[in-house]
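Listing of model-v9.cif, mmCIF, C-alpha atoms
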data_run
loop_
_atom_site.label_atom_id
_atom_site.label_comp_id
_atom_site.auth_asym_id
_atom_site.auth_seq_id
_atom_site.Cartn_x
_atom_site.Cartn_y
_atom_site.Cartn_z
CA MET A 201 101.97 134.11 78.28
CA ALA A 202 104.71 136.50 77.23
CA GLU A 203 105.56 136.67 73.55
CA ASP A 204 109.00 135.44 72.50
CA SER A 205 109.99 138.90 71.31
CA GLU A 206 109.04 140.40 74.70
CA LEU A 207 111.20 137.80 76.42
CA LEU A 208 114.15 138.57 74.18
CA PHE A 209 113.77 142.31 74.80
CA SER A 210 113.36 141.70 78.50
CA TYR A 211 116.68 139.89 78.64
CA ALA A 212 118.51 142.27 76.32
CA ARG A 213 117.33 145.46 78.00
CA ARG A 214 116.78 144.54 81.64
CA GLY A 215 119.04 141.53 81.99
CA ASP A 216 116.11 139.36 83.08
CA VAL A 217 117.65 135.87 83.06
CA GLN A 218 114.25 134.31 83.81
CA SER A 219 112.99 135.53 80.44
CA LEU A 220 115.91 133.83 78.76
CA SER A 221 115.24 130.60 80.67
CA THR A 222 111.66 130.65 79.47
CA LEU A 223 112.88 131.04 75.90
CA VAL A 224 115.29 128.13 76.30
CA ARG A 225 112.53 125.89 77.66
CA ARG A 226 110.12 126.95 74.97
CA HIS A 227 112.44 126.54 71.99
CA SER A 228 114.90 123.81 72.91
CA VAL A 229 113.22 120.88 71.24
CA TRP A 230 112.88 122.28 67.75
CA MET A 231 116.30 123.92 67.92
CA GLN A 232 117.88 120.57 68.71
CA ALA A 233 115.93 118.97 65.88
CA LEU A 234 117.16 121.65 63.50
CA LEU A 235 120.75 121.16 64.66
CA ARG A 236 120.46 117.40 64.38
CA GLY A 237 119.24 117.81 60.83
CA MET A 238 122.22 119.97 59.99
CA LEU A 239 124.91 118.13 61.92
CA GLY A 240 123.78 114.54 62.05
CA ASP A 241 125.86 113.66 65.07
CA ALA A 242 124.01 113.70 68.40
CA ALA A 243 127.08 114.82 70.37
CA ASP A 244 127.60 117.74 68.00
CA VAL A 245 124.01 118.79 68.56
CA ASP A 246 124.74 119.29 72.24
CA ASP A 247 127.75 121.52 71.54
CA ALA A 248 126.03 123.50 68.83
CA PHE A 249 122.93 123.96 71.00
CA GLN A 250 125.05 125.49 73.75
CA ALA A 251 126.95 127.61 71.22
CA ALA A 252 123.70 128.83 69.68
CA TRP A 253 122.44 130.10 73.04
CA MET A 254 125.79 131.72 73.79
CA ARG A 255 125.44 133.49 70.47
CA ILE A 256 121.91 134.60 71.38
CA ILE A 257 123.07 135.80 74.80
CA LYS A 258 125.93 137.82 73.29
CA SER A 259 123.93 139.38 70.52
CA ALA A 260 120.57 139.79 72.26
CA GLY A 261 121.05 143.56 72.08
CA GLY A 262 121.08 143.26 68.30
CA TYR A 263 117.53 141.92 68.18
CA HIS A 264 115.30 144.70 66.90
CA GLY A 265 111.96 142.93 66.64
CA GLY A 266 110.50 140.64 64.01
CA SER A 267 110.09 136.91 64.35
CA ALA A 268 111.94 135.75 67.46
CA ARG A 269 111.75 132.18 66.24
CA ALA A 270 113.47 133.12 62.99
CA TYR A 271 116.12 134.94 65.05
CA LEU A 272 116.73 131.82 67.13
CA ALA A 273 116.75 129.58 64.05
CA SER A 274 119.32 131.83 62.46
CA ALA A 275 121.51 131.64 65.58
CA ALA A 276 121.20 127.85 65.62
CA ARG A 277 122.10 127.59 61.95
CA SER A 278 125.13 129.85 62.41
CA ALA A 279 126.30 127.80 65.39
CA ALA A 280 125.98 124.61 63.33
CA ILE A 281 127.92 126.10 60.43
CA ASP A 282 130.67 127.32 62.78
CA LEU A 283 130.97 123.85 64.23
CA LEU A 284 131.13 122.24 60.81
CA ARG A 285 133.84 124.69 59.74
CA ARG A 286 135.85 124.00 62.89
CA ARG A 287 135.71 120.34 61.96
CA GLY A 288 137.06 121.21 58.53
CA ARG A 289 133.81 120.50 56.73
CA THR A 290 132.81 122.94 54.04
CA VAL A 291 129.25 124.15 53.86
CA SER A 292 128.31 124.90 50.29
CA LEU A 293 124.69 125.34 49.33
CA ASP A 294 125.07 125.19 45.55
CA ALA A 295 127.50 122.33 45.03
CA ASP A 296 125.48 119.84 47.03
CA ASP A 297 122.28 120.92 45.40
CA GLU A 298 123.61 119.89 42.01
CA ALA A 299 124.26 116.43 43.37
CA GLY A 300 120.79 116.38 44.83
CA GLU A 301 119.17 117.21 41.50
CA ALA A 302 120.22 113.89 40.01
CA THR A 303 119.09 111.94 43.03
CA VAL A 304 115.68 113.57 43.05
CA GLU A 305 115.13 112.30 39.53
CA THR A 306 115.85 108.75 40.63
CA VAL A 307 113.25 108.79 43.40
CA PRO A 308 110.95 105.83 42.72
CA ASP A 309 107.55 106.83 41.42
CA MET A 310 105.57 104.07 43.02
CA ALA A 311 104.26 103.59 46.51
CA PRO A 312 101.34 102.32 48.48
CA SER A 313 99.20 104.53 50.66
CA PRO A 314 101.52 107.30 51.73
CA GLY A 315 99.57 108.42 54.78
CA GLU A 316 99.66 104.97 56.27
CA ARG A 317 103.32 104.47 55.45
CA PHE A 318 104.57 107.74 56.93
CA GLU A 319 102.46 107.52 60.04
CA SER A 320 103.15 103.94 60.91
CA LYS A 321 106.53 102.87 59.58
CA ALA A 322 109.01 105.68 59.33
CA THR A 323 110.82 106.09 62.60
CA ALA A 324 112.57 109.18 63.87
CA GLU A 325 115.86 107.70 62.69
CA ASP A 326 114.43 107.04 59.20
CA VAL A 327 113.29 110.63 58.93
CA ARG A 328 116.57 112.00 60.28
CA ALA A 329 118.51 109.87 57.82
CA ALA A 330 116.30 111.07 54.96
CA VAL A 331 116.86 114.69 55.97
CA ARG A 332 120.59 114.09 56.27
CA ALA A 333 120.59 112.65 52.74
CA LEU A 334 119.32 115.94 51.32
CA PRO A 335 121.71 118.31 49.58
CA GLU A 336 122.89 121.06 51.94
CA GLY A 337 120.76 123.83 50.48
CA GLN A 338 117.56 121.79 50.43
CA ARG A 339 118.19 120.55 53.94
CA GLN A 340 118.69 124.03 55.31
CA VAL A 341 115.58 125.37 53.60
CA LEU A 342 113.51 122.44 54.88
CA LEU A 343 114.79 122.76 58.45
CA MET A 344 114.36 126.51 58.59
CA ARG A 345 110.86 126.16 57.20
CA ILE A 346 109.56 123.38 59.41
CA GLU A 347 111.61 123.91 62.57
CA GLY A 348 112.35 127.62 62.43
CA GLU A 349 108.86 128.30 60.97
CA MET A 350 110.46 130.97 58.84
CA SER A 351 108.79 132.49 55.83
CA PHE A 352 110.34 131.76 52.45
CA ARG A 353 111.37 135.40 52.24
CA GLU A 354 113.21 135.11 55.57
CA ILE A 355 114.85 131.87 54.44
CA ALA A 356 115.95 133.39 51.15
CA ASP A 357 117.43 136.39 52.97
CA GLU A 358 119.16 134.18 55.51
CA LEU A 359 120.75 131.97 52.88
CA GLY A 360 121.35 134.76 50.40
CA ILE A 361 119.45 133.02 47.62
CA PRO A 362 116.55 134.16 45.42
CA LEU A 363 113.05 133.59 46.76
CA GLY A 364 112.27 131.27 43.84
CA THR A 365 115.27 129.10 44.68
CA ALA A 366 114.12 128.76 48.29
CA LEU A 367 110.69 127.63 47.08
CA THR A 368 112.18 125.18 44.59
CA TRP A 369 114.56 123.68 47.14
CA MET A 370 111.72 123.22 49.58
CA ARG A 371 109.63 121.40 47.00
CA LYS A 372 112.56 119.20 46.01
CA ALA A 373 113.40 118.45 49.63
CA THR A 374 109.84 117.40 50.34
CA GLU A 375 109.67 115.20 47.25
CA ARG A 376 113.00 113.62 48.03
CA ILE A 377 112.12 112.77 51.61
CA LYS A 378 108.84 111.29 50.48
CA GLY A 379 110.77 109.25 47.95
CA ILE A 380 113.36 108.05 50.44
CA LEU A 381 110.81 107.10 53.05
CA GLY A 382 108.64 105.47 50.42
CA GLY A 383 111.59 103.41 49.15
CA GLU A 384 112.32 102.03 52.58
CA ARG A 385 109.09 100.17 52.80
CA MET B 276 101.59 109.76 39.13
CA ASN B 277 103.44 109.55 42.40
CA ARG B 278 100.85 108.64 45.00
CA THR B 279 102.91 110.22 47.74
CA ASN B 280 101.62 113.49 46.36
CA ASP B 281 98.19 112.53 47.68
CA ILE B 282 99.27 113.24 51.18
CA SER B 283 98.72 116.86 52.11
CA GLU B 284 101.91 118.86 52.26
CA ASP B 285 101.13 120.26 55.69
CA SER B 286 100.42 116.94 57.33
CA PHE B 287 103.52 115.40 55.76
CA LEU B 288 105.70 118.23 57.02
CA SER B 289 104.07 118.02 60.46
CA PHE B 290 104.91 114.34 60.47
CA VAL B 291 108.55 115.03 59.53
CA LYS B 292 108.75 117.74 62.17
CA ALA B 293 107.33 115.48 64.88
CA ARG B 294 109.77 112.71 64.00
CA LEU B 295 112.74 115.08 63.94
CA GLU B 296 111.84 116.42 67.37
CA GLU B 297 111.37 113.01 68.93
CA GLY B 298 113.48 112.22 71.95
CA TYR B 299 114.74 115.71 72.76
CA ALA B 300 114.62 117.17 76.26
CA SER B 301 112.88 120.48 76.71
CA ALA B 302 115.78 122.35 78.27
CA PRO B 303 119.17 120.66 78.16
CA ARG B 304 122.10 122.47 79.77
CA LEU B 305 119.71 125.13 81.06
CA ALA B 306 121.79 125.79 84.19
CA GLU B 307 124.92 126.45 82.10
CA ILE B 308 123.03 128.75 79.77
CA GLU B 309 121.50 130.65 82.70
CA ARG B 310 124.91 131.08 84.32
CA ALA B 311 126.36 132.41 81.08
CA ALA B 312 123.39 134.75 80.64
CA ALA B 313 123.71 136.08 84.18
CA SER B 314 127.47 136.62 83.95
CA ARG B 315 127.10 138.29 80.58
CA MET B 316 124.60 140.70 82.08
CA CYS B 317 126.91 141.38 85.05
CA VAL B 318 129.75 142.18 82.67
CA SER B 319 127.67 144.46 80.49
CA HIS B 320 126.17 146.24 83.53
CA GLY B 321 129.69 146.52 84.97
CA ILE B 322 130.93 148.09 81.75
CA ARG B 323 128.00 150.50 81.80
CA ARG B 324 128.72 151.41 85.45
CA ALA B 325 132.43 151.81 84.74
CA GLY B 326 131.61 153.97 81.73
CA TRP B 327 129.45 156.19 83.93
CA TRP B 328 132.21 156.60 86.51
CA TRP B 329 134.73 157.37 83.80
CA THR B 330 132.47 160.08 82.45
CA VAL B 331 132.01 161.61 85.90
CA SER B 332 135.77 161.43 86.63
CA LEU B 333 136.59 163.00 83.29
CA LEU B 334 134.15 165.85 83.92
CA ALA B 335 135.59 166.41 87.40
CA ALA B 336 139.14 166.46 86.03
CA SER B 337 138.14 168.90 83.28
CA LEU B 338 136.48 171.17 85.86
CA ALA B 339 139.60 171.04 88.03
CA VAL B 340 141.79 172.05 85.08
CA VAL B 341 139.47 174.92 84.16
CA CYS B 342 139.35 176.16 87.78
CA SER B 343 143.15 175.98 88.15
CA PHE B 344 143.64 177.91 84.96
CA SER B 345 141.18 180.60 86.08
CA LEU B 346 142.95 180.92 89.44
CA PHE B 347 146.32 181.19 87.74
CA ARG B 348 145.01 183.91 85.45
CA SER B 349 143.51 185.88 88.30
CA SER B 350 146.80 185.69 90.24
CA ALA B 351 148.85 187.10 87.35
CA PRO B 352 148.31 190.80 88.17
CA VAL B 353 149.76 190.16 91.63
CA GLY B 354 153.01 189.03 90.01
CA GLU B 355 153.07 192.01 87.71
CA SER B 356 152.47 194.42 90.57
CA MET B 357 155.32 192.77 92.51
CA VAL B 358 157.68 193.42 89.61
CA ALA B 359 156.50 197.04 89.43
CA GLN B 360 157.09 197.45 93.16
CA THR B 361 160.55 195.93 92.86
CA ILE B 362 161.45 198.28 90.04
CA GLU B 363 160.18 201.19 92.09
CA LEU B 364 162.21 200.17 95.11
CA LEU B 365 165.37 199.59 93.13
CA THR B 366 165.11 202.86 91.20
CA ALA B 367 164.22 204.82 94.34
CA ALA B 368 167.56 203.78 95.80
CA GLY B 369 169.31 204.93 92.63
CA GLY B 370 169.76 208.69 93.44
CA GLU B 371 169.83 211.43 90.85
CA ASN B 372 169.95 209.34 87.67
CA GLY B 373 166.81 207.53 88.65
CA GLU B 374 165.25 207.73 85.19
CA LEU B 375 168.29 206.17 83.49
CA GLU B 376 168.52 203.48 86.10
CA TYR B 377 164.82 202.77 85.72
CA ASP B 378 165.35 202.23 82.00
CA SER B 379 168.22 199.81 82.49
CA THR B 380 166.28 197.98 85.19
CA ALA B 381 163.26 197.75 82.96
CA ASP B 382 165.43 196.34 80.18
CA LEU B 383 166.87 193.79 82.54
CA LEU B 384 163.41 192.81 83.69
CA LEU B 385 162.27 192.44 80.12
CA ALA B 386 165.23 190.16 79.42
CA TRP B 387 164.36 188.11 82.51
CA GLN B 388 160.67 188.00 81.98
CA ASP B 389 160.64 184.26 81.67
CA ALA B 390 162.82 183.64 84.72
CA PRO B 391 161.39 183.25 88.22
CA TYR B 392 160.85 186.54 89.99
CA GLU B 393 163.28 185.67 92.78
CA MET B 394 166.10 185.12 90.26
CA ALA B 395 165.27 188.36 88.46
CA VAL B 396 165.22 190.31 91.70
CA ALA B 397 168.49 188.71 92.87
CA SER B 398 170.13 189.59 89.54
CA LEU B 399 168.93 193.16 89.70
CA ALA B 400 170.09 193.52 93.27
CA ALA B 401 173.53 192.20 92.32
CA SER B 402 173.84 194.54 89.32
CA ASN B 403 173.01 197.52 91.51
#
Once you've parsed the file, please lay out its structure as structure tokens.
Amino acid sequence: MAEDSELLFSYARRGDVQSLSTLVRRHSVWMQALLRGMLGDAADVDDAFQAAWMRIIKSAGGYHGGSARAYLASAARSAAIDLLRRRGRTVSLDADDEAGEATVETVPDMAPSPGERFESKATAEDVRAAVRALPEGQRQVLLMRIEGEMSFREIADELGIPLGTALTWMRKATERIKGILGGER
Amino acid sequence: MNRTNDISEDSFLSFVKARLEEGYASAPRLAEIERAAASRMCVSHGIRRAGWWWTVSLLAASLAVVCSFSLFRSSAPVGESMVAQTIELLTAAGGENGELEYDSTADLLLAWQDAPYEMAVASLAASN
């Protein structure tokens, strides 16, 4: 099976559309999940998904190696941010994070068996709602980490934040989601 | 202590990931994306091809200019020799004061050096 980076190069250098199709099939699901986490609205996900691939198609020549998945995640994130800006919504990492700090502290510190709860009760909608409730910065770090499978260094570079901040936001995001899902029981 | 911390980070995140990805098709709008990819490639290949033709055309035009200039340069002595012959013919018809006439003709030719040869010759013929 061809590596993602080979497929990207194959399209960028030889115009092999089949390689691009393989990439779309391989990466669609997580890219949509990432977009849904950022945008919330299912219809927006569709538009942003298309826009993300258009972005990848246009800038495929600018891919110079490295993690193809991180490259795709970055394109998806940029497409989502563009869409939010077109809708007049501001995307600020810091401001929302401040709001999130207070909420994290109010997460209830009591819960029954977490494994059982998460596996059996929380639905996809519960999880999506919990992710949507995260402050912007934490949400983006979480999505890039679990969907884009990016390293914390890559995430920090992408968001233009210190590595330590990326790690902290990830920890807070995880704690907060656990808290939200735990509180719904 | 928060018991949610008991759950391993990896399995929790895998769970979140699985839930987030639930219900999504593997390749939505694939046909549209493929069409865009193909047309993008056509455009970029077209630009490359056009660029190649432009380069070739530019080289050909440059060569043509260089060749024309060389031909013009090589034909210059012919013009000069024509002027010399004209002077010779005109002064030969001048009789005894040939040397004086040659000087005045030469002066006239110098004054007319930028005019077409036919005009210069016609002027000289009229003055004689």
Using only C-alpha atoms, the residue out of A:Ile361, A:Ile281, A:Leu208, A:Met254 with shortest distance to chain B is A:Met254
Report as a ChimeraX atom specification the full result of the PyMOL selection byres ((chain A and resi 377) around 8) when it is applied to this structure. /A:327,330-331,334,373-376,378-381
Just the residues within 8 Å of A:Gly215, please, counting all atoms listed in the file, with nothing from its chain fewer than 5 positions along; format it as a list in words.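 So, after excluding close chain neighbours, the residues are Ser210 of chain A; Ala313 and Met316 of chain B.
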Residues in the PyMOL selection byres ((chain B) within 8 of (chain A)), expressed as an NGL selection string: :B and (276-279 or 281-282 or 287-292 or 294-297 or 299-305 or 308-309 or 311-313 or 315-316)
Could the residues in this selection be saved with C-alpha atoms as an mmCIF file, in the coordinates of the input?
data_model
loop_
_atom_site.group_PDB
_atom_site.id
_atom_site.type_symbol
_atom_site.label_atom_id
_atom_site.label_comp_id
_atom_site.auth_asym_id
_atom_site.auth_seq_id
_atom_site.Cartn_x
_atom_site.Cartn_y
_atom_site.Cartn_z
ATOM 1 C CA MET B 276 101.590 109.760 39.130
ATOM 2 C CA ASN B 277 103.440 109.550 42.400
ATOM 3 C CA ARG B 278 100.850 108.640 45.000
ATOM 4 C CA THR B 279 102.910 110.220 47.740
ATOM 5 C CA ASP B 281 98.190 112.530 47.680
ATOM 6 C CA ILE B 282 99.270 113.240 51.180
ATOM 7 C CA PHE B 287 103.520 115.400 55.760
ATOM 8 C CA LEU B 288 105.700 118.230 57.020
ATOM 9 C CA SER B 289 104.070 118.020 60.460
ATOM 10 C CA PHE B 290 104.910 114.340 60.470
ATOM 11 C CA VAL B 291 108.550 115.030 59.530
ATOM 12 C CA LYS B 292 108.750 117.740 62.170
ATOM 13 C CA ARG B 294 109.770 112.710 64.000
ATOM 14 C CA LEU B 295 112.740 115.080 63.940
ATOM 15 C CA GLU B 296 111.840 116.420 67.370
ATOM 16 C CA GLU B 297 111.370 113.010 68.930
ATOM 17 C CA TYR B 299 114.740 115.710 72.760
ATOM 18 C CA ALA B 300 114.620 117.170 76.260
ATOM 19 C CA SER B 301 112.880 120.480 76.710
ATOM 20 C CA ALA B 302 115.780 122.350 78.270
ATOM 21 C CA PRO B 303 119.170 120.660 78.160
ATOM 22 C CA ARG B 304 122.100 122.470 79.770
ATOM 23 C CA LEU B 305 119.710 125.130 81.060
ATOM 24 C CA ILE B 308 123.030 128.750 79.770
ATOM 25 C CA GLU B 309 121.500 130.650 82.700
ATOM 26 C CA ALA B 311 126.360 132.410 81.080
ATOM 27 C CA ALA B 312 123.390 134.750 80.640
ATOM 28 C CA ALA B 313 123.710 136.080 84.180
ATOM 29 C CA ARG B 315 127.100 138.290 80.580
ATOM 30 C CA MET B 316 124.600 140.700 82.080
#
What separation in Å, quoted to one decimal, exists between atom CA of A:Arg332 and atom CA of B:Glu284? 19.7 Å
For the atom pair atom CA of A:Ala252 and atom CA of A:Asp282, what is the interatomic distance in Å to one decimal place?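 If I compute the distance from atom CA of A:Ala252 to atom CA of A:Asp282, I get 9.9 Å.
With distances restricted to only C-alpha atoms, A:Ala366 is the closest residue to A:Met350 from A:Arg255, A:Asp241, A:Ala366, A:Asp247.
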Do you have the atom CA of B:Arg310-atom CA of A:Ala248 distance handy? 17.3 Å
Could you complete stretch 243-273 of chain A so that it carries N, CA and C atoms, and give it back as a PDB file, in the coordinates of the input?
ATOM      1  N   ALA A 243     126.174 114.107  69.456  1.00  0.00           N
ATOM      2  CA  ALA A 243     127.080 114.820  70.370  1.00  0.00           C
ATOM      3  C   ALA A 243     127.318 116.254  69.881  1.00  0.00           C
ATOM      4  N   ASP A 244     127.411 116.412  68.577  1.00  0.00           N
ATOM      5  CA  ASP A 244     127.600 117.740  68.000  1.00  0.00           C
ATOM      6  C   ASP A 244     126.402 118.642  68.300  1.00  0.00           C
ATOM      7  N   VAL A 245     125.234 118.022  68.306  1.00  0.00           N
ATOM      8  CA  VAL A 245     124.010 118.790  68.560  1.00  0.00           C
ATOM      9  C   VAL A 245     124.108 119.485  69.909  1.00  0.00           C
ATOM     10  N   ASP A 246     124.601 118.760  70.885  1.00  0.00           N
ATOM     11  CA  ASP A 246     124.740 119.290  72.240  1.00  0.00           C
ATOM     12  C   ASP A 246     125.640 120.536  72.249  1.00  0.00           C
ATOM     13  N   ASP A 247     126.790 120.405  71.591  1.00  0.00           N
ATOM     14  CA  ASP A 247     127.750 121.520  71.540  1.00  0.00           C
ATOM     15  C   ASP A 247     127.172 122.714  70.789  1.00  0.00           C
ATOM     16  N   ALA A 248     126.567 122.415  69.658  1.00  0.00           N
ATOM     17  CA  ALA A 248     126.030 123.500  68.830  1.00  0.00           C
ATOM     18  C   ALA A 248     124.846 124.172  69.521  1.00  0.00           C
ATOM     19  N   PHE A 249     124.079 123.393  70.269  1.00  0.00           N
ATOM     20  CA  PHE A 249     122.930 123.960  71.000  1.00  0.00           C
ATOM     21  C   PHE A 249     123.436 124.989  72.013  1.00  0.00           C
ATOM     22  N   GLN A 250     124.443 124.585  72.759  1.00  0.00           N
ATOM     23  CA  GLN A 250     125.050 125.490  73.750  1.00  0.00           C
ATOM     24  C   GLN A 250     125.612 126.729  73.046  1.00  0.00           C
ATOM     25  N   ALA A 251     126.329 126.490  71.947  1.00  0.00           N
ATOM     26  CA  ALA A 251     126.950 127.610  71.220  1.00  0.00           C
ATOM     27  C   ALA A 251     125.892 128.556  70.664  1.00  0.00           C
ATOM     28  N   ALA A 252     124.775 127.981  70.223  1.00  0.00           N
ATOM     29  CA  ALA A 252     123.700 128.830  69.680  1.00  0.00           C
ATOM     30  C   ALA A 252     123.158 129.764  70.750  1.00  0.00           C
ATOM     31  N   TRP A 253     122.974 129.244  71.954  1.00  0.00           N
ATOM     32  CA  TRP A 253     122.440 130.100  73.040  1.00  0.00           C
ATOM     33  C   TRP A 253     123.475 131.111  73.492  1.00  0.00           C
ATOM     34  N   MET A 254     124.747 130.739  73.453  1.00  0.00           N
ATOM     35  CA  MET A 254     125.790 131.720  73.790  1.00  0.00           C
ATOM     36  C   MET A 254     125.743 132.870  72.790  1.00  0.00           C
ATOM     37  N   ARG A 255     125.536 132.499  71.547  1.00  0.00           N
ATOM     38  CA  ARG A 255     125.440 133.490  70.470  1.00  0.00           C
ATOM     39  C   ARG A 255     124.238 134.412  70.717  1.00  0.00           C
ATOM     40  N   ILE A 256     123.129 133.810  71.110  1.00  0.00           N
ATOM     41  CA  ILE A 256     121.910 134.600  71.380  1.00  0.00           C
ATOM     42  C   ILE A 256     122.140 135.527  72.570  1.00  0.00           C
ATOM     43  N   ILE A 257     122.793 135.000  73.595  1.00  0.00           N
ATOM     44  CA  ILE A 257     123.070 135.800  74.800  1.00  0.00           C
ATOM     45  C   ILE A 257     123.956 136.995  74.437  1.00  0.00           C
ATOM     46  N   LYS A 258     124.992 136.738  73.646  1.00  0.00           N
ATOM     47  CA  LYS A 258     125.930 137.820  73.290  1.00  0.00           C
ATOM     48  C   LYS A 258     125.310 138.860  72.393  1.00  0.00           C
ATOM     49  N   SER A 259     124.434 138.413  71.513  1.00  0.00           N
ATOM     50  CA  SER A 259     123.930 139.380  70.520  1.00  0.00           C
ATOM     51  C   SER A 259     122.470 139.750  70.769  1.00  0.00           C
ATOM     52  N   ALA A 260     121.987 139.495  71.989  1.00  0.00           N
ATOM     53  CA  ALA A 260     120.570 139.790  72.260  1.00  0.00           C
ATOM     54  C   ALA A 260     120.267 141.271  72.027  1.00  0.00           C
ATOM     55  N   GLY A 261     121.253 142.128  72.291  1.00  0.00           N
ATOM     56  CA  GLY A 261     121.050 143.560  72.080  1.00  0.00           C
ATOM     57  C   GLY A 261     120.842 143.904  70.612  1.00  0.00           C
ATOM     58  N   GLY A 262     121.217 143.002  69.735  1.00  0.00           N
ATOM     59  CA  GLY A 262     121.080 143.260  68.300  1.00  0.00           C
ATOM     60  C   GLY A 262     119.722 142.847  67.760  1.00  0.00           C
ATOM     61  N   TYR A 263     118.875 142.308  68.636  1.00  0.00           N
ATOM     62  CA  TYR A 263     117.530 141.920  68.180  1.00  0.00           C
ATOM     63  C   TYR A 263     116.644 143.170  68.171  1.00  0.00           C
ATOM     64  N   HIS A 264     116.107 143.475  67.001  1.00  0.00           N
ATOM     65  CA  HIS A 264     115.300 144.700  66.900  1.00  0.00           C
ATOM     66  C   HIS A 264     113.864 144.389  66.514  1.00  0.00           C
ATOM     67  N   GLY A 265     113.346 143.274  66.953  1.00  0.00           N
ATOM     68  CA  GLY A 265     111.960 142.930  66.640  1.00  0.00           C
ATOM     69  C   GLY A 265     111.894 141.922  65.503  1.00  0.00           C
ATOM     70  N   GLY A 266     110.686 141.657  65.048  1.00  0.00           N
ATOM     71  CA  GLY A 266     110.500 140.640  64.010  1.00  0.00           C
ATOM     72  C   GLY A 266     110.333 139.278  64.666  1.00  0.00           C
ATOM     73  N   SER A 267     110.331 138.254  63.833  1.00  0.00           N
ATOM     74  CA  SER A 267     110.090 136.910  64.350  1.00  0.00           C
ATOM     75  C   SER A 267     111.241 136.430  65.239  1.00  0.00           C
ATOM     76  N   ALA A 268     110.914 136.222  66.509  1.00  0.00           N
ATOM     77  CA  ALA A 268     111.940 135.750  67.460  1.00  0.00           C
ATOM     78  C   ALA A 268     112.373 134.343  67.077  1.00  0.00           C
ATOM     79  N   ARG A 269     111.417 133.558  66.596  1.00  0.00           N
ATOM     80  CA  ARG A 269     111.750 132.180  66.240  1.00  0.00           C
ATOM     81  C   ARG A 269     112.744 132.151  65.074  1.00  0.00           C
ATOM     82  N   ALA A 270     112.538 133.035  64.119  1.00  0.00           N
ATOM     83  CA  ALA A 270     113.470 133.120  62.990  1.00  0.00           C
ATOM     84  C   ALA A 270     114.848 133.560  63.490  1.00  0.00           C
ATOM     85  N   TYR A 271     114.854 134.461  64.465  1.00  0.00           N
ATOM     86  CA  TYR A 271     116.120 134.940  65.050  1.00  0.00           C
ATOM     87  C   TYR A 271     116.868 133.786  65.710  1.00  0.00           C
ATOM     88  N   LEU A 272     116.121 132.967  66.445  1.00  0.00           N
ATOM     89  CA  LEU A 272     116.730 131.820  67.130  1.00  0.00           C
ATOM     90  C   LEU A 272     117.209 130.776  66.114  1.00  0.00           C
ATOM     91  N   ALA A 273     116.380 130.569  65.081  1.00  0.00           N
ATOM     92  CA  ALA A 273     116.750 129.580  64.050  1.00  0.00           C
ATOM     93  C   ALA A 273     118.034 130.016  63.354  1.00  0.00           C
TER      94      ALA A 273
END
